[in-house]
$ cat data.cif   # mmCIF, C-alpha atoms
data_input
loop_
_atom_site.label_atom_id
_atom_site.label_comp_id
_atom_site.auth_asym_id
_atom_site.auth_seq_id
_atom_site.Cartn_x
_atom_site.Cartn_y
_atom_site.Cartn_z
CA MET L 1 -13.84 -32.34 -10.72
CA THR L 2 -15.93 -32.69 -13.89
CA ALA L 3 -17.68 -30.29 -16.23
CA ALA L 4 -20.97 -31.39 -14.72
CA SER L 5 -20.07 -29.73 -11.41
CA MET L 6 -20.42 -26.24 -12.95
CA SER L 7 -23.33 -24.87 -14.93
CA VAL L 8 -22.94 -22.73 -18.02
CA ALA L 9 -24.75 -19.94 -16.18
CA ARG L 10 -22.17 -20.04 -13.37
CA PHE L 11 -19.35 -20.05 -15.92
CA GLU L 12 -20.81 -16.95 -17.58
CA ALA L 13 -21.36 -15.25 -14.23
CA LEU L 14 -17.75 -15.88 -13.21
CA ALA L 15 -16.47 -14.46 -16.50
CA GLN L 16 -18.59 -11.36 -16.03
CA THR L 17 -17.38 -11.01 -12.45
CA PHE L 18 -13.69 -11.92 -12.54
CA GLY L 19 -12.85 -11.45 -16.22
CA GLY L 20 -11.69 -13.67 -19.03
CA GLU L 21 -8.77 -15.42 -17.32
CA ILE L 22 -9.86 -18.54 -15.46
CA ALA L 23 -6.61 -18.33 -13.45
CA ARG L 24 -8.08 -15.24 -11.75
CA TRP L 25 -11.35 -16.88 -10.80
CA PRO L 26 -11.97 -18.25 -7.30
CA GLU L 27 -9.52 -21.08 -6.72
CA GLY L 28 -12.17 -23.65 -5.84
CA GLU L 29 -14.00 -23.18 -9.15
CA ARG L 30 -11.15 -23.11 -11.64
CA GLU L 31 -10.88 -26.81 -12.24
CA ALA L 32 -14.59 -27.25 -12.95
CA ALA L 33 -14.51 -24.19 -15.20
CA ARG L 34 -11.62 -25.58 -17.24
CA ALA L 35 -13.40 -28.91 -17.56
CA LEU L 36 -16.57 -27.19 -18.74
CA LEU L 37 -14.62 -25.09 -21.23
CA ALA L 38 -12.93 -28.20 -22.61
CA ALA L 39 -16.30 -29.88 -22.98
CA ASP L 40 -17.91 -27.04 -24.92
CA PRO L 41 -15.26 -24.65 -26.27
CA ASP L 42 -17.40 -23.35 -29.15
CA ARG L 43 -19.97 -22.01 -26.74
CA LEU L 44 -17.71 -20.87 -23.88
CA SER L 45 -14.60 -19.47 -25.58
CA PRO L 46 -16.53 -16.42 -26.84
CA VAL L 47 -17.65 -15.78 -23.24
CA LEU L 48 -14.03 -15.56 -22.16
CA THR L 49 -13.06 -13.48 -25.19
CA GLU L 50 -15.75 -10.93 -24.43
CA ALA L 51 -14.74 -10.68 -20.76
CA SER L 52 -11.08 -10.32 -21.77
CA GLN L 53 -11.89 -7.22 -23.82
CA LEU L 54 -12.89 -5.40 -20.66
CA ASP L 55 -9.81 -6.79 -18.86
CA ARG L 56 -7.56 -5.26 -21.50
CA LEU L 57 -9.32 -1.92 -21.23
CA LEU L 58 -9.01 -2.00 -17.45
CA ASP L 59 -5.29 -2.59 -17.82
CA LEU L 60 -5.11 0.82 -19.49
CA ALA L 61 -6.18 2.61 -16.29
CA PRO L 62 -2.97 4.44 -15.42
CA ALA L 63 -0.89 3.33 -12.48
CA GLN L 64 1.56 5.96 -11.34
CA ALA L 65 5.25 6.40 -11.94
CA LEU L 66 7.26 6.26 -8.76
CA ASP L 67 8.57 9.71 -7.88
CA ALA L 68 12.19 9.79 -6.70
CA ALA L 69 11.39 12.54 -4.19
CA LEU L 70 8.71 10.41 -2.53
CA LEU L 71 11.11 7.48 -2.36
CA GLY L 72 13.76 9.73 -0.83
CA ARG L 73 11.39 11.07 1.82
CA LEU L 74 10.34 7.59 2.84
CA ILE L 75 13.91 6.32 3.02
CA ALA L 76 14.86 9.33 5.14
CA ALA L 77 11.95 8.72 7.50
CA ALA L 78 12.61 4.98 7.94
CA PRO L 79 13.86 3.63 11.28
CA ARG L 80 17.63 3.87 11.74
CA ALA L 81 20.02 1.48 13.34
CA PRO L 82 20.95 2.51 16.90
CA ASN L 83 24.11 4.65 16.89
CA ALA L 84 27.11 4.11 19.11
CA THR L 85 25.98 6.55 21.82
CA ARG L 86 22.60 4.90 22.13
CA ARG L 87 24.15 1.42 22.29
CA TRP L 88 26.50 2.69 25.02
CA ILE L 89 23.64 4.21 27.04
CA THR L 90 21.52 1.10 26.60
CA GLY L 91 24.37 -1.17 27.71
CA LEU L 92 25.14 0.92 30.78
CA SER L 93 21.49 1.25 31.73
CA ALA L 94 21.10 -2.51 31.57
CA ALA L 95 24.15 -2.91 33.81
CA PHE L 96 22.77 -0.48 36.42
CA GLY L 97 19.15 -1.56 36.14
CA LEU L 98 17.99 1.89 35.04
CA SER L 99 15.92 2.92 32.06
CA ALA L 100 17.98 4.39 29.24
CA ALA L 101 16.29 7.78 29.71
CA ALA L 102 16.98 7.77 33.47
CA LEU L 103 20.63 6.89 32.98
CA ALA L 104 21.01 9.53 30.29
CA GLY L 105 19.53 12.05 32.74
CA VAL L 106 22.03 11.08 35.44
CA LEU L 107 24.91 11.37 32.97
CA ALA L 108 23.64 14.72 31.75
CA GLY L 109 23.67 15.94 35.35
CA ILE L 110 27.26 14.74 35.77
CA ALA L 111 28.24 16.48 32.54
CA ILE L 112 26.67 19.76 33.63
CA GLY L 113 28.32 19.46 37.05
CA GLY L 114 31.63 18.75 35.37
CA HIS L 115 31.23 21.87 33.29
CA ILE L 116 30.95 23.96 36.48
CA GLN L 117 34.10 22.43 37.99
CA PRO L 118 37.35 24.22 37.23
CA PRO L 119 38.67 22.33 34.21
CA ALA L 120 42.30 22.91 35.05
CA VAL L 121 42.15 20.11 37.63
CA LEU L 122 41.41 17.56 34.92
CA ALA L 123 43.59 18.77 32.09
CA PRO L 124 46.12 21.34 31.11
CA ALA L 125 44.91 24.69 29.86
CA GLY L 126 43.54 24.60 26.35
CA GLN L 127 40.40 23.78 24.49
CA ALA L 128 40.17 20.12 25.29
CA GLU L 129 38.11 20.28 28.48
CA VAL L 130 35.67 22.95 27.20
CA VAL L 131 35.03 21.15 23.92
CA THR L 132 34.64 17.83 25.72
CA ALA L 133 31.98 19.18 28.05
CA ALA L 134 30.01 20.64 25.18
CA ASP L 135 30.35 17.47 23.16
CA VAL L 136 29.25 15.27 26.02
CA SER L 137 26.30 17.51 26.68
CA ASN L 138 25.28 17.42 23.03
CA ASP L 139 25.79 13.67 22.79
CA LEU L 140 23.69 13.12 25.85
CA GLN L 141 20.99 15.42 24.53
CA ASP L 142 20.95 13.30 21.34
CA ALA L 143 20.86 10.15 23.41
CA LEU L 144 17.96 11.47 25.48
CA GLU L 145 16.02 12.29 22.35
CA GLU L 146 16.73 8.89 20.86
CA SER L 147 15.85 7.11 24.09
CA SER L 148 12.53 8.89 24.33
CA ALA L 149 11.84 7.97 20.71
CA LEU L 150 12.20 4.24 21.52
CA MET P 151 -7.33 -11.32 8.49
CA VAL P 152 -4.63 -13.67 9.69
CA SER P 153 -1.67 -14.74 7.59
CA ASP P 154 -0.84 -18.37 6.92
CA GLY P 155 2.58 -17.84 8.47
CA ASN P 156 4.04 -17.36 5.02
CA ASP P 157 4.31 -13.61 4.82
CA PRO P 158 6.98 -12.85 2.20
CA ASP P 159 7.61 -9.46 3.82
CA GLU P 160 8.17 -10.64 7.37
CA ALA P 161 11.97 -10.87 7.24
CA LEU P 162 12.23 -7.54 5.44
CA LEU P 163 10.03 -5.89 8.00
CA ALA P 164 12.23 -7.18 10.80
CA GLY P 165 15.18 -5.64 8.94
CA VAL P 166 13.33 -2.33 8.67
CA GLY P 167 12.71 -2.46 12.42
CA ARG P 168 16.46 -2.91 13.02
CA GLY P 169 17.16 0.07 10.79
CA ASP P 170 18.69 -1.92 7.94
CA PRO P 171 18.73 0.45 4.93
CA THR P 172 18.81 -2.42 2.42
CA ALA P 173 15.61 -3.87 3.89
CA VAL P 174 13.97 -0.43 3.72
CA ARG P 175 14.88 -0.02 0.07
CA THR P 176 13.85 -3.55 -0.89
CA LEU P 177 10.50 -3.26 0.87
CA LEU P 178 9.82 0.08 -0.82
CA ASP P 179 10.77 -1.30 -4.23
CA ARG P 180 8.43 -4.23 -3.68
CA ARG P 181 5.40 -2.54 -2.13
CA LEU P 182 5.40 1.20 -2.78
CA PRO P 183 4.43 1.01 -6.50
CA ARG P 184 1.46 -1.24 -5.63
CA ILE P 185 0.20 1.10 -2.94
CA LEU P 186 0.74 4.12 -5.17
CA ALA P 187 -1.23 2.45 -7.98
CA LEU P 188 -4.02 1.49 -5.60
CA ALA P 189 -4.34 5.06 -4.32
CA ARG P 190 -4.16 6.53 -7.81
CA ARG P 191 -6.96 4.31 -9.09
CA MET P 192 -9.09 4.90 -6.04
CA LEU P 193 -8.63 8.69 -5.98
CA ASN P 194 -7.95 9.52 -9.63
CA ASP P 195 -5.45 12.14 -8.50
CA ALA P 196 -1.66 11.80 -8.68
CA GLY P 197 -0.86 14.23 -5.86
CA GLU P 198 -3.36 12.72 -3.45
CA ALA P 199 -2.15 9.23 -4.34
CA GLU P 200 1.39 10.23 -3.35
CA ASP P 201 0.16 11.67 -0.07
CA VAL P 202 -1.70 8.46 0.73
CA ALA P 203 1.27 6.27 -0.19
CA GLN P 204 3.58 8.41 1.93
CA GLU P 205 1.29 8.35 4.95
CA THR P 206 0.80 4.59 4.59
CA PHE P 207 4.53 3.89 4.72
CA LEU P 208 5.17 6.38 7.52
CA ARG P 209 2.68 4.35 9.54
CA ALA P 210 4.42 1.16 8.45
CA TRP P 211 7.75 2.47 9.75
CA LYS P 212 6.13 3.08 13.14
CA GLN P 213 4.83 -0.49 13.16
CA ALA P 214 8.04 -2.11 11.95
CA ARG P 215 9.76 -2.57 15.33
CA GLY P 216 6.71 -4.02 17.01
CA TRP P 217 5.40 -6.08 14.07
CA LYS P 218 4.11 -9.41 15.31
CA PRO P 219 4.55 -12.31 12.91
CA GLY P 220 1.47 -14.48 12.47
CA GLY P 221 -1.00 -11.59 12.37
CA ALA P 222 -2.19 -9.94 9.17
CA ARG P 223 0.12 -10.20 6.18
CA PHE P 224 2.04 -6.98 5.79
CA ASP P 225 0.76 -6.42 2.23
CA THR P 226 -2.82 -6.84 3.47
CA TRP P 227 -2.15 -4.44 6.33
CA LEU P 228 -0.69 -1.88 3.88
CA HIS P 229 -3.76 -2.19 1.64
CA ARG P 230 -6.08 -1.71 4.62
CA VAL P 231 -4.26 1.44 5.78
CA ALA P 232 -4.10 2.86 2.25
CA LEU P 233 -7.78 2.15 1.60
CA ASN P 234 -8.79 3.83 4.85
CA LEU P 235 -6.76 6.88 3.91
CA CYS P 236 -8.36 6.87 0.44
CA TYR P 237 -11.83 6.71 1.96
CA ASP P 238 -11.02 9.62 4.30
CA ARG P 239 -10.12 11.67 1.25
CA LEU P 240 -13.13 10.52 -0.77
CA ARG P 241 -15.41 11.50 2.13
CA ARG P 242 -13.81 14.94 2.31
CA LYS P 243 -14.22 15.33 -1.45
CA ARG P 244 -17.90 14.39 -1.20
CA GLU P 245 -18.40 17.03 1.48
CA VAL P 246 -16.87 19.66 -0.78
CA VAL P 247 -18.84 18.40 -3.76
CA THR P 248 -22.16 18.91 -1.97
CA ASP P 249 -21.35 22.61 -1.72
CA THR P 250 -19.93 23.04 -5.21
CA PRO P 251 -21.18 20.77 -7.96
CA PRO P 252 -18.17 19.55 -9.95
CA GLU P 253 -17.81 19.61 -13.66
CA GLN P 254 -19.35 16.50 -15.10
CA VAL P 255 -16.79 13.98 -16.25
CA ASP P 256 -17.66 12.96 -19.77
CA THR P 257 -17.18 9.22 -19.94
CA GLY P 258 -18.97 8.88 -23.26
CA PRO P 259 -17.32 8.29 -26.59
CA ALA P 260 -15.00 10.99 -27.83
CA PRO P 261 -16.24 12.93 -30.84
CA ASP P 262 -13.37 11.71 -32.96
CA ALA P 263 -12.79 8.06 -33.59
CA GLY P 264 -9.43 6.34 -33.23
CA LEU P 265 -8.30 7.37 -29.78
CA LEU P 266 -4.60 7.36 -29.03
CA GLY P 267 -3.09 5.47 -26.11
CA ALA P 268 -3.15 8.39 -23.67
CA ASP P 269 -6.74 9.23 -24.57
CA LEU P 270 -7.77 5.62 -24.10
CA SER P 271 -6.09 5.59 -20.76
CA ARG P 272 -7.91 8.76 -19.69
CA ARG P 273 -11.24 7.35 -20.85
CA VAL P 274 -10.76 4.20 -18.81
CA GLU P 275 -9.59 6.18 -15.79
CA ALA P 276 -12.62 8.46 -16.01
CA ALA P 277 -14.98 5.51 -16.34
CA LEU P 278 -13.41 3.86 -13.31
CA ALA P 279 -13.63 7.10 -11.34
CA ALA P 280 -17.32 7.42 -12.19
CA LEU P 281 -18.15 4.10 -10.50
CA PRO P 282 -19.50 4.03 -6.94
CA ALA P 283 -16.48 3.82 -4.63
CA ARG P 284 -17.17 0.29 -3.37
CA GLN P 285 -17.50 -1.08 -6.92
CA ARG P 286 -14.30 0.70 -7.87
CA GLU P 287 -12.55 -0.69 -4.78
CA ALA P 288 -13.64 -4.24 -5.63
CA ILE P 289 -12.38 -3.94 -9.21
CA VAL P 290 -9.10 -2.29 -8.25
CA LEU P 291 -8.39 -4.91 -5.57
CA CYS P 292 -9.26 -7.93 -7.70
CA HIS P 293 -8.23 -6.84 -11.17
CA HIS P 294 -5.41 -4.35 -10.68
CA GLN P 295 -3.96 -5.46 -7.35
CA GLY P 296 -4.46 -9.13 -8.21
CA LEU P 297 -5.95 -10.12 -4.85
CA GLY P 298 -8.01 -13.28 -4.56
CA ASN P 299 -11.72 -13.04 -3.81
CA ILE P 300 -11.34 -14.14 -0.18
CA GLU P 301 -8.55 -11.67 0.56
CA ALA P 302 -10.34 -8.80 -1.19
CA ALA P 303 -13.61 -9.55 0.60
CA GLY P 304 -11.74 -9.69 3.92
CA LEU P 305 -10.12 -6.33 3.25
CA MET P 306 -13.47 -4.80 2.36
CA GLU P 307 -15.06 -6.49 5.38
CA ILE P 308 -17.83 -8.00 3.28
CA SER P 309 -18.82 -11.52 2.28
CA VAL P 310 -17.44 -13.16 -0.84
CA GLU P 311 -20.95 -13.06 -2.33
CA ALA P 312 -21.18 -9.31 -1.71
CA LEU P 313 -17.78 -8.86 -3.34
CA GLU P 314 -18.92 -10.80 -6.40
CA SER P 315 -21.99 -8.62 -6.62
CA LEU P 316 -19.92 -5.42 -6.48
CA LEU P 317 -17.50 -6.75 -9.08
CA SER P 318 -20.25 -7.87 -11.39
CA ARG P 319 -22.15 -4.58 -11.20
CA GLY P 320 -18.95 -2.57 -11.59
CA ARG P 321 -17.81 -4.49 -14.62
CA ARG P 322 -21.27 -4.23 -16.19
CA ALA P 323 -21.24 -0.45 -15.75
CA LEU P 324 -17.73 -0.18 -17.18
CA LYS P 325 -18.64 -2.37 -20.12
CA ALA P 326 -21.54 -0.05 -20.91
CA SER P 327 -19.55 3.17 -20.58
CA LEU P 328 -16.62 1.80 -22.61
CA ALA P 329 -18.71 -0.09 -25.17
CA ASP P 330 -17.40 1.96 -28.08
CA LEU P 331 -13.81 1.12 -27.15
CA ALA P 332 -14.56 -2.58 -26.76
CA ARG P 333 -16.17 -2.57 -30.21
CA GLY P 334 -13.01 -0.99 -31.59
CA GLU P 335 -11.00 -3.91 -30.21
CA GLU P 336 -12.98 -6.52 -32.14
#

$ encode --input "data.cif" --output "structure tokens"
Amino acid sequence: MTAASMSVARFEALAQTFGGEIARWPEGEREAARALLAADPDRLSPVLTEASQLDRLLDLAPAQALDAALLGRLIAAAPRAPNATRRWITGLSAAFGLSAAALAGVLAGIAIGGHIQPPAVLAPAGQAEVVTAADVSNDLQDALEESSAL
Amino acid sequence: MVSDGNDPDEALLAGVGRGDPTAVRTLLDRRLPRILALARRMLNDAGEAEDVAQETFLRAWKQARGWKPGGARFDTWLHRVALNLCYDRLRRKREVVTDTPPEQVDTGPAPDAGLLGADLSRRVEAALAALPARQREAIVLCHHQGLGNIEAAGLMEISVEALESLLSRGRRALKASLADLARGEE
């Protein structure tokens, strides 16, 4: 592309529109602009200098410092990797051809039923069976919530 | 706007969708400051800019799992969401302003010469804020965000010629309101 493919008026218009750096002008016009500048630097360099003054002033418009609290909130709200319970539910549901939520519902029913059964049949007296039922129930509740969030 | 299949954020976004904390942090480091700066310059209010940036990324998290490669570039999508949120807020502000006229922002030269850095910065910010919103958007996208004319015009849903017109008028207005500062630079 040669200098002749761009007029001085277009060069000036581009400087007034996109600023004093030819690298920031529309890609298809940069080469012709550089050629024109090389052909008549005395006339066109001041055009770029003047446009660059406004560029430098614009650079002073404040950005904003990143607030750690905002970063923390966004990290906390980001998607999380599936936990072990959800992977277990998903795997089982695939094996039985059920949706994860449906399978979690079935398992919750079993857990509640199990809680009604006399625990002594399954284990010796102690805390183990009571804690297990509560844990399973809570885990399944978590799994249900996570499944519905999918 | 469709990407050229070369979206630098695509792999990170897939990681975010899988819940990879490193991908989340890297994507935030790369894109959050840009979106925050965009919102700040559009709204001229630090608190509102944070709200917009937060809402933009919360929406991005919802999209992460279902993000389809080959559509809009993620950075372009982020800009679009953030700009829409900015415009919602600007519209609400305008509605309030019609009821209660605001204090006039003085964008003219300060009475004392030799402004310090922070004063200069405030002058430029005020001049930018005084522009019509579409002119300001064009300047922020092209100058501050470094977008090309085609991408900026696509985001603004206008032709490249219309973008050039907005840029040109915006820069002319800024040049006039900041003329005393430009003279000081010479």

$ interface_residues --input "data.cif" --of "chain L" --to "chain P" --cutoff "7 Å" --atoms "all atoms listed in the file" --output "ChimeraX atom specification"
/L:16-17,26,53-54,57-58,60-64,66,74-75,78-81

$ residues_around --input "data.cif" --residues "P:Ala232" --least-positions-apart "2" --cutoff "7 Å" --atoms "all atoms listed in the file" --output "MDAnalysis selection string"
chainID P and resid 185 189 202:203 206 228:230 234:236

$ residues_around --input "data.cif" --residues "P:Glu160" --least-positions-apart "3" --cutoff "10 Å" --atoms "all atoms listed in the file" --output "PDB file with C-alpha atoms, keeping the file's coordinate frame"
ATOM      1  CA  GLY P 155       2.580 -17.840   8.470  1.00  0.00           C
ATOM      2  CA  ASN P 156       4.040 -17.360   5.020  1.00  0.00           C
ATOM      3  CA  ASP P 157       4.310 -13.610   4.820  1.00  0.00           C
ATOM      4  CA  LEU P 163      10.030  -5.890   8.000  1.00  0.00           C
ATOM      5  CA  ALA P 164      12.230  -7.180  10.800  1.00  0.00           C
ATOM      6  CA  GLY P 165      15.180  -5.640   8.940  1.00  0.00           C
ATOM      7  CA  VAL P 166      13.330  -2.330   8.670  1.00  0.00           C
ATOM      8  CA  ALA P 214       8.040  -2.110  11.950  1.00  0.00           C
ATOM      9  CA  TRP P 217       5.400  -6.080  14.070  1.00  0.00           C
ATOM     10  CA  LYS P 218       4.110  -9.410  15.310  1.00  0.00           C
ATOM     11  CA  PRO P 219       4.550 -12.310  12.910  1.00  0.00           C
ATOM     12  CA  GLY P 220       1.470 -14.480  12.470  1.00  0.00           C
ATOM     13  CA  ARG P 223       0.120 -10.200   6.180  1.00  0.00           C
ATOM     14  CA  PHE P 224       2.040  -6.980   5.790  1.00  0.00           C
ATOM     15  CA  ASP P 225       0.760  -6.420   2.230  1.00  0.00           C
TER      16      ASP P 225
END

$ atom_distance --input "data.cif" --atom1 "atom CA of L:Glu50" --atom2 "atom CA of P:Ser309"
26.9 Å

$ atom_distance --input "data.cif" --atom1 "atom CA of P:Thr226" --atom2 "atom CA of P:Glu311"
20.0 Å

$ atom_distance --input "data.cif" --atom1 "atom CA of L:Leu48" --atom2 "atom CA of L:Ala32"
14.9 Å

$ axis_aligned_box --input "data.cif" --around "stretch 216-219 of chain P" --padding-each-side "6 Å" --output "JSON"
{"center_x": 5.4, "center_y": -8.2, "center_z": 15.0, "size_x": 14.6, "size_y": 20.3, "size_z": 16.1}

$ residues_around --input "data.cif" --residues "L:Pro46" --least-positions-apart "3" --cutoff "12 Å" --atoms "all atoms listed in the file" --output "tab-separated table (two decimals) with C-alpha atoms, keeping the file's coordinate frame"
chain	number	residue	atom	x	y	z
L	11	PHE	CA	-19.35	-20.05	-15.92
L	12	GLU	CA	-20.81	-16.95	-17.58
L	15	ALA	CA	-16.47	-14.46	-16.50
L	20	GLY	CA	-11.69	-13.67	-19.03
L	37	LEU	CA	-14.62	-25.09	-21.23
L	40	ASP	CA	-17.91	-27.04	-24.92
L	41	PRO	CA	-15.26	-24.65	-26.27
L	42	ASP	CA	-17.40	-23.35	-29.15
L	43	ARG	CA	-19.97	-22.01	-26.74
L	49	THR	CA	-13.06	-13.48	-25.19
L	50	GLU	CA	-15.75	-10.93	-24.43
L	51	ALA	CA	-14.74	-10.68	-20.76
L	52	SER	CA	-11.08	-10.32	-21.77
L	53	GLN	CA	-11.89	-7.22	-23.82
P	336	GLU	CA	-12.98	-6.52	-32.14
